[in-house]
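Next comes work_2.tsv, with TSV, C-alpha atoms.
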chain	number	residue	atom	x	y	z
A	1	MET	CA	187.32	77.39	12.07
A	2	ALA	CA	185.40	80.41	13.41
A	3	LEU	CA	185.16	81.85	9.88
A	4	ASP	CA	184.15	78.46	8.57
A	5	HIS	CA	181.54	78.12	11.27
A	6	ARG	CA	180.17	81.56	10.48
A	7	GLN	CA	180.64	81.82	6.71
A	8	ASN	CA	181.05	78.13	5.57
A	9	HIS	CA	184.27	78.81	3.70
A	10	LEU	CA	185.28	75.10	3.84
A	11	GLU	CA	181.91	73.68	2.71
A	12	GLY	CA	183.14	73.17	-0.83
A	13	ILE	CA	186.26	71.42	0.40
A	14	ARG	CA	184.21	69.12	2.64
A	15	SER	CA	181.86	68.27	-0.26
A	16	GLY	CA	184.80	67.38	-2.46
A	17	LEU	CA	186.36	65.27	0.26
A	18	SER	CA	183.05	63.44	0.89
A	19	LEU	CA	182.79	62.72	-2.81
A	20	LEU	CA	186.29	61.27	-2.77
A	21	ILE	CA	185.74	59.33	0.44
A	22	TYR	CA	182.33	57.81	-0.62
A	23	PRO	CA	183.83	55.00	-2.72
A	24	LEU	CA	186.07	54.09	0.20
A	25	GLN	CA	183.06	54.03	2.53
A	26	TYR	CA	181.16	51.90	0.03
A	27	ILE	CA	184.07	49.44	-0.24
A	28	VAL	CA	184.42	49.29	3.54
A	29	ASN	CA	180.69	48.66	3.99
A	30	LEU	CA	180.50	46.20	1.09
A	31	PRO	CA	181.35	43.05	3.12
A	32	VAL	CA	178.76	43.94	5.73
A	33	ALA	CA	176.12	44.68	3.06
A	34	ALA	CA	177.02	41.49	1.21
A	35	THR	CA	176.73	39.50	4.42
A	36	HIS	CA	173.27	40.95	5.07
A	37	TRP	CA	172.22	40.30	1.47
A	38	VAL	CA	173.40	36.67	1.56
A	39	SER	CA	171.72	36.15	4.91
A	40	ASP	CA	168.47	37.70	3.66
A	41	SER	CA	168.65	35.63	0.46
A	42	LEU	CA	169.26	32.38	2.33
A	43	SER	CA	166.51	33.21	4.78
A	44	SER	CA	164.10	34.02	1.95
A	45	ARG	CA	165.05	30.83	0.09
A	46	GLU	CA	164.62	28.73	3.23
A	47	THR	CA	161.26	30.37	3.87
A	48	LEU	CA	160.20	29.70	0.28
A	49	LEU	CA	161.29	26.06	0.53
A	50	GLU	CA	159.38	25.59	3.78
A	51	GLU	CA	156.32	27.26	2.30
A	52	ASN	CA	156.64	25.12	-0.83
A	53	ASP	CA	156.86	21.93	1.24
A	54	ARG	CA	153.86	23.03	3.29
A	55	LEU	CA	151.83	23.77	0.16
A	56	LYS	CA	152.79	20.41	-1.36
A	57	LEU	CA	151.66	18.64	1.81
A	58	GLN	CA	148.38	20.55	1.78
A	59	GLN	CA	147.88	19.70	-1.89
A	60	THR	CA	148.50	16.01	-1.17
A	61	LEU	CA	146.03	16.07	1.71
A	62	PHE	CA	143.42	17.87	-0.37
A	63	GLU	CA	143.88	15.43	-3.24
A	64	ALA	CA	143.52	12.48	-0.85
A	65	ARG	CA	140.35	14.01	0.59
A	66	LEU	CA	139.05	14.64	-2.92
A	67	GLN	CA	139.70	11.01	-3.86
A	68	LYS	CA	137.88	9.90	-0.72
A	69	LEU	CA	134.95	12.17	-1.55
A	70	GLN	CA	134.87	10.78	-5.09
A	71	SER	CA	134.93	7.25	-3.66
A	72	LEU	CA	132.07	8.09	-1.29
A	73	LYS	CA	130.17	9.70	-4.16
A	74	ALA	CA	130.59	6.57	-6.29
A	75	GLU	CA	129.53	4.35	-3.38
A	76	ASN	CA	126.52	6.56	-2.75
A	77	GLN	CA	125.59	6.30	-6.43
A	78	ARG	CA	125.87	2.50	-6.33
A	79	LEU	CA	123.69	2.31	-3.24
A	80	ARG	CA	121.14	4.61	-4.84
A	81	GLU	CA	121.05	2.35	-7.89
A	82	LEU	CA	120.59	-0.71	-5.68
A	83	LEU	CA	117.81	0.93	-3.69
A	84	GLN	CA	116.19	2.15	-6.88
A	85	SER	CA	116.40	-1.39	-8.22
A	86	SER	CA	114.93	-2.79	-5.02
A	87	LYS	CA	111.87	-0.59	-5.45
A	88	LYS	CA	111.08	-2.54	-8.63
A	89	ILE	CA	111.35	-5.87	-6.83
A	90	SER	CA	108.31	-7.32	-5.11
A	91	GLU	CA	110.42	-9.78	-3.09
A	92	ARG	CA	112.21	-9.19	0.17
A	93	VAL	CA	115.77	-7.96	-0.33
A	94	LEU	CA	118.90	-7.32	1.73
A	95	ILE	CA	122.01	-5.33	0.79
A	96	GLY	CA	125.32	-7.13	1.30
A	97	GLU	CA	128.92	-6.01	0.81
A	98	LEU	CA	131.80	-7.93	-0.79
A	99	LEU	CA	134.52	-9.15	1.55
A	100	SER	CA	136.74	-10.98	-0.93
A	101	VAL	CA	136.92	-12.37	-4.47
A	102	ASP	CA	138.17	-15.81	-5.54
A	103	LEU	CA	140.89	-15.29	-8.16
A	104	GLU	CA	141.34	-18.93	-9.26
A	105	PRO	CA	141.16	-19.51	-13.05
A	106	PHE	CA	137.64	-20.28	-14.31
A	107	THR	CA	136.28	-19.81	-10.79
A	108	ARG	CA	134.07	-16.80	-10.24
A	109	GLN	CA	133.09	-16.68	-6.58
A	110	ILE	CA	132.73	-13.91	-4.04
A	111	VAL	CA	132.38	-13.73	-0.26
A	112	ILE	CA	129.82	-11.34	1.22
A	113	ASN	CA	129.24	-10.10	4.75
A	114	LYS	CA	125.84	-11.74	5.25
A	115	GLY	CA	125.24	-15.23	6.62
A	116	SER	CA	122.72	-17.49	8.28
A	117	ARG	CA	122.18	-15.01	11.10
A	118	ASN	CA	120.70	-12.73	8.41
A	119	GLU	CA	118.45	-15.62	7.22
A	120	VAL	CA	120.58	-16.14	4.12
A	121	TYR	CA	120.09	-19.64	2.68
A	122	LEU	CA	121.83	-21.95	0.20
A	123	GLY	CA	120.82	-21.29	-3.40
A	124	GLN	CA	119.67	-17.76	-2.63
A	125	PRO	CA	119.90	-15.50	-5.72
A	126	LEU	CA	122.06	-12.37	-5.84
A	127	MET	CA	121.38	-9.32	-7.98
A	128	ASP	CA	122.75	-5.86	-8.56
A	129	ALA	CA	121.21	-2.86	-10.27
A	130	GLY	CA	122.02	-4.41	-13.67
A	131	GLY	CA	120.60	-7.90	-13.20
A	132	ALA	CA	121.32	-11.41	-11.93
A	133	MET	CA	124.77	-11.97	-10.40
A	134	GLY	CA	124.76	-15.51	-8.97
A	135	GLN	CA	123.63	-17.60	-6.02
A	136	ILE	CA	124.80	-18.65	-2.55
A	137	VAL	CA	126.76	-21.92	-2.54
A	138	HIS	CA	128.42	-21.92	0.90
A	139	LEU	CA	126.82	-20.57	4.05
A	140	GLY	CA	128.39	-19.37	7.31
A	141	LEU	CA	127.04	-17.60	10.34
A	142	PHE	CA	128.46	-14.17	9.51
A	143	SER	CA	129.40	-14.53	5.84
A	144	SER	CA	128.60	-16.62	2.79
A	145	THR	CA	130.09	-17.52	-0.58
A	146	ALA	CA	128.28	-16.88	-3.84
A	147	MET	CA	128.98	-18.38	-7.26
A	148	LEU	CA	128.66	-15.82	-10.05
A	149	ILE	CA	126.77	-16.64	-13.23
A	150	THR	CA	130.07	-16.55	-15.19
A	151	ASP	CA	131.57	-19.37	-13.13
A	152	ALA	CA	132.35	-22.39	-15.31
A	153	ASN	CA	130.13	-24.57	-13.08
A	154	HIS	CA	127.09	-22.29	-13.12
A	155	ALA	CA	123.96	-22.54	-15.26
A	156	ILE	CA	120.84	-20.42	-15.17
A	157	PRO	CA	117.54	-20.87	-17.05
A	158	VAL	CA	116.78	-17.84	-19.23
A	159	GLN	CA	114.37	-16.73	-21.90
A	160	VAL	CA	114.57	-14.25	-24.74
A	161	ASN	CA	112.70	-11.21	-23.51
A	162	ARG	CA	111.45	-10.41	-27.03
A	163	ASN	CA	109.64	-13.69	-27.72
A	164	GLY	CA	109.89	-15.92	-24.64
A	165	LEU	CA	112.26	-18.45	-26.24
A	166	ARG	CA	113.69	-20.56	-23.41
A	167	ALA	CA	117.38	-21.46	-23.10
A	168	ILE	CA	120.19	-22.09	-20.62
A	169	ALA	CA	123.01	-19.61	-19.94
A	170	LEU	CA	126.24	-21.35	-18.97
A	171	GLY	CA	129.22	-19.71	-17.31
A	172	THR	CA	132.50	-19.87	-19.20
A	173	GLY	CA	134.97	-18.79	-16.52
A	174	ALA	CA	135.52	-15.55	-18.42
A	175	PRO	CA	134.41	-12.42	-16.56
A	176	ASP	CA	132.20	-11.07	-19.35
A	177	LYS	CA	130.93	-14.04	-21.34
A	178	LEU	CA	128.12	-16.59	-21.14
A	179	ASP	CA	127.41	-19.44	-23.54
A	180	ILE	CA	123.87	-20.19	-24.75
A	181	PRO	CA	124.04	-23.82	-25.95
A	182	TYR	CA	121.55	-26.23	-27.51
A	183	LEU	CA	119.62	-23.72	-29.62
A	184	PRO	CA	119.10	-24.83	-33.24
A	185	ILE	CA	120.28	-22.57	-36.06
A	186	SER	CA	116.62	-21.88	-36.87
A	187	ALA	CA	115.93	-20.44	-33.37
A	188	ASP	CA	114.46	-16.94	-33.32
A	189	ILE	CA	117.30	-15.15	-31.53
A	190	VAL	CA	119.37	-12.21	-32.73
A	191	GLU	CA	122.27	-10.13	-31.50
A	192	GLY	CA	121.11	-7.52	-28.99
A	193	ASP	CA	118.32	-9.70	-27.57
A	194	LEU	CA	117.91	-9.35	-23.81
A	195	LEU	CA	117.94	-12.60	-21.85
A	196	THR	CA	115.98	-12.63	-18.60
A	197	THR	CA	115.44	-15.21	-15.88
A	198	SER	CA	112.66	-17.63	-16.82
A	199	GLY	CA	111.81	-18.67	-13.27
A	200	LEU	CA	112.30	-22.35	-14.11
A	201	GLY	CA	114.24	-24.33	-11.55
A	202	GLY	CA	112.87	-22.33	-8.64
A	203	ARG	CA	116.10	-20.49	-7.79
A	204	PHE	CA	115.83	-17.19	-9.65
A	205	PRO	CA	112.51	-15.32	-9.84
A	206	ALA	CA	111.28	-14.71	-13.38
A	207	GLY	CA	111.83	-11.47	-15.24
A	208	TYR	CA	115.27	-10.31	-14.08
A	209	PRO	CA	117.87	-9.29	-16.70
A	210	VAL	CA	120.72	-11.75	-17.12
A	211	ALA	CA	122.63	-10.97	-20.31
A	212	VAL	CA	122.55	-9.44	-23.78
A	213	VAL	CA	123.30	-11.58	-26.83
A	214	THR	CA	126.56	-10.39	-28.38
A	215	GLU	CA	127.43	-13.02	-31.01
A	216	ILE	CA	125.58	-15.68	-33.02
A	217	ILE	CA	127.33	-18.15	-35.34
A	218	LYS	CA	125.07	-20.37	-37.43
A	219	ASP	CA	127.13	-23.06	-39.13
A	220	PRO	CA	124.98	-25.42	-41.27
A	221	THR	CA	127.42	-28.23	-40.50
A	222	LEU	CA	126.66	-27.97	-36.79
A	223	PRO	CA	123.40	-29.04	-35.15
A	224	TYR	CA	123.26	-26.00	-32.87
A	225	ALA	CA	124.08	-22.32	-33.17
A	226	VAL	CA	127.09	-20.96	-31.25
A	227	ILE	CA	125.74	-18.10	-29.16
A	228	SER	CA	127.54	-15.82	-26.71
A	229	ALA	CA	126.12	-13.22	-24.35
A	230	MET	CA	127.43	-10.54	-22.00
A	231	PRO	CA	126.06	-10.31	-18.44
A	232	THR	CA	124.10	-7.18	-17.63
A	233	ALA	CA	125.26	-7.17	-14.00
A	234	ARG	CA	128.55	-5.47	-13.14
A	235	LEU	CA	130.15	-8.65	-11.92
A	236	GLU	CA	133.71	-7.32	-11.81
A	237	GLN	CA	132.91	-3.84	-10.45
A	238	ALA	CA	130.11	-4.35	-7.94
A	239	ARG	CA	130.94	-3.74	-4.27
A	240	GLU	CA	127.40	-4.20	-3.01
A	241	VAL	CA	124.84	-6.88	-3.90
A	242	LEU	CA	121.14	-7.51	-3.37
A	243	LEU	CA	120.19	-10.77	-1.67
A	244	ILE	CA	116.67	-11.71	-2.74
A	245	TRP	CA	114.05	-13.85	-1.08
A	246	PRO	CA	111.63	-14.83	-3.91
A	247	THR	CA	109.16	-15.32	-1.08
A	248	GLN	CA	109.92	-14.57	2.54
A	249	TYR	CA	112.20	-17.40	3.63
A	250	LYS	CA	112.27	-18.28	7.30
A	251	ASP	CA	113.03	-21.54	9.08
A	252	GLY	CA	112.75	-23.40	5.80
A	253	GLN	CA	109.19	-22.19	5.22
A	254	ALA	CA	108.01	-19.93	2.41
A	255	THR	CA	105.36	-17.34	3.17
A	256	THR	CA	104.02	-14.27	1.43
A	257	ALA	CA	106.73	-11.76	0.54
A	258	GLN	CA	106.80	-8.42	2.28
A	259	THR	CA	106.84	-5.14	0.43
A	260	PRO	CA	110.28	-3.68	-0.39
A	261	SER	CA	109.80	-0.76	1.97
A	262	GLU	CA	109.42	-3.20	4.85
A	263	THR	CA	112.37	-5.39	4.00
A	264	VAL	CA	115.23	-3.34	2.55
A	265	GLN	CA	118.00	-3.39	5.15
A	266	PRO	CA	121.35	-1.61	5.11
Entire entry expressed as structure tokens:
Amino acid sequence: MALDHRQNHLEGIRSGLSLLIYPLQYIVNLPVAATHWVSDSLSSRETLLEENDRLKLQQTLFEARLQKLQSLKAENQRLRELLQSSKKISERVLIGELLSVDLEPFTRQIVINKGSRNEVYLGQPLMDAGGAMGQIVHLGLFSSTAMLITDANHAIPVQVNRNGLRAIALGTGAPDKLDIPYLPISADIVEGDLLTTSGLGGRFPAGYPVAVVTEIIKDPTLPYAVISAMPTARLEQAREVLLIWPTQYKDGQATTAQTPSETVQP
């Protein structure tokens, strides 16, 4: 041992023995190493699963917020269109919001969040940025019911914007169709003509868009042409409406209308 300590005579023997013993050491340590590897793998997998769940939750939240932002953007755009439309109107106007929609067949009615406390009155016309929507038929203190122009019981006097030809637009109960009856086959009306309110009847002010002629059938065996039109207002998509006072309406008396800037209310 003294010679080995001084001259390392047994170094070669020790190296050979360590080479022989190494596989045994590896086999002995293998269960421990395997245990650590499995533990690390399970821990890593659990961490990845937790991180994945967290990222999925964040993605869902972000998508929900994005949808809400898109909804707010669309609502903002609709309000801008309504306000832009109100600038073109010389009458007093008020913005109302839809509360519910009547889903009965052939009935096209909506409930809005404005009533008599807002000076709403029976027969008051409703518009949106596209044109005439309908009129108030039932009145409450805080809400009111409006009949849309497509309701089967609704009729509105119109005229062809191109030449002033007067007619009546009748609701059909369908969401996107009006009938224009009692026009002879010789009447000067063509597909694509814009129909506007004529002002007759005293309900709707003159000059507002109502519908666009979409179909004309002229059968010589019939006394009148069969004419259909599509409303210009977004009757099935609108969430906000414009209530219009053709002249300022208060306590049953009509006075001079205010300017839009004085009367547009949120």
(request) Find the distance between atom CA of Gln109 of chain A and atom CA of Ala225 of chain A and write it in Å to one decimal. (result)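 A separation of 28.6 Å between them.
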(message) Counting all atoms listed in the file, which residue out of A:Leu243, A:Ile180, A:Ala132, A:Leu94 sits closest to Thr197 of chain A?
(response)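 Looking at the shortest contact to Thr197 of chain A, the residue is A:Ala132.
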(request) Rank nothing, just name the residue among A:Asp151, A:Pro175, A:Leu170, A:Gly115 nearest to Gln237 of chain A, using all atoms listed in the file. (result) A:Pro175
(request) Mind giving me the straight-line distance from atom CA of Leu139 of chain A to atom CA of Val158 of chain A in Å, one decimal? (result) 25.5 Å
(message) I need the residue nearest Pro231 of chain A from this list: A:His154, A:Arg108, A:Arg45, A:Lys177. Use all atoms listed in the file for the distance.
(response)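 Ranking A:His154, A:Arg108, A:Arg45, A:Lys177 by distance to Pro231 of chain A, first place goes to A:Lys177.
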Repair of segment 91-109 of chain A at the level of N, CA and C atoms, as a short mmCIF file (atom, residue, chain, number, x, y, z; two decimals), keeping the file's coordinate frame:
data_model
loop_
_atom_site.label_atom_id
_atom_site.label_comp_id
_atom_site.auth_asym_id
_atom_site.auth_seq_id
_atom_site.Cartn_x
_atom_site.Cartn_y
_atom_site.Cartn_z
N GLU A 91 109.94 -8.88 -4.11
CA GLU A 91 110.42 -9.78 -3.09
C GLU A 91 111.16 -9.03 -1.99
N ARG A 92 111.39 -9.75 -0.91
CA ARG A 92 112.21 -9.19 0.17
C ARG A 92 113.66 -9.15 -0.27
N VAL A 93 114.38 -8.09 0.07
CA VAL A 93 115.77 -7.96 -0.33
C VAL A 93 116.62 -7.49 0.84
N LEU A 94 117.93 -7.73 0.72
CA LEU A 94 118.90 -7.32 1.73
C LEU A 94 120.19 -6.92 1.03
N ILE A 95 120.76 -5.79 1.40
CA ILE A 95 122.01 -5.33 0.79
C ILE A 95 123.19 -5.95 1.52
N GLY A 96 124.10 -6.57 0.75
CA GLY A 96 125.32 -7.13 1.30
C GLY A 96 126.53 -6.49 0.65
N GLU A 97 127.68 -6.58 1.32
CA GLU A 97 128.92 -6.01 0.81
C GLU A 97 129.94 -7.12 0.57
N LEU A 98 130.76 -6.95 -0.46
CA LEU A 98 131.80 -7.93 -0.79
C LEU A 98 132.92 -7.87 0.24
N LEU A 99 133.37 -9.05 0.66
CA LEU A 99 134.52 -9.15 1.55
C LEU A 99 135.77 -9.61 0.81
N SER A 100 135.61 -10.50 -0.16
CA SER A 100 136.74 -10.98 -0.93
C SER A 100 136.25 -11.58 -2.24
N VAL A 101 137.22 -11.81 -3.16
CA VAL A 101 136.92 -12.37 -4.47
C VAL A 101 137.88 -13.53 -4.71
N ASP A 102 137.34 -14.66 -5.20
CA ASP A 102 138.17 -15.81 -5.54
C ASP A 102 138.82 -15.57 -6.89
N LEU A 103 140.15 -15.62 -6.95
CA LEU A 103 140.89 -15.29 -8.16
C LEU A 103 141.39 -16.52 -8.91
N GLU A 104 140.91 -17.73 -8.56
CA GLU A 104 141.34 -18.93 -9.26
C GLU A 104 140.82 -18.92 -10.69
N PRO A 105 141.61 -19.48 -11.65
CA PRO A 105 141.16 -19.51 -13.05
C PRO A 105 139.83 -20.26 -13.20
N PHE A 106 138.95 -19.70 -13.99
CA PHE A 106 137.64 -20.28 -14.31
C PHE A 106 136.70 -20.33 -13.11
N THR A 107 137.13 -19.85 -11.98
CA THR A 107 136.28 -19.81 -10.79
C THR A 107 135.87 -18.38 -10.53
N ARG A 108 134.59 -18.14 -10.48
CA ARG A 108 134.07 -16.80 -10.24
C ARG A 108 133.18 -16.86 -9.00
N GLN A 109 133.81 -16.64 -7.84
CA GLN A 109 133.09 -16.68 -6.58
C GLN A 109 133.46 -15.46 -5.73
#
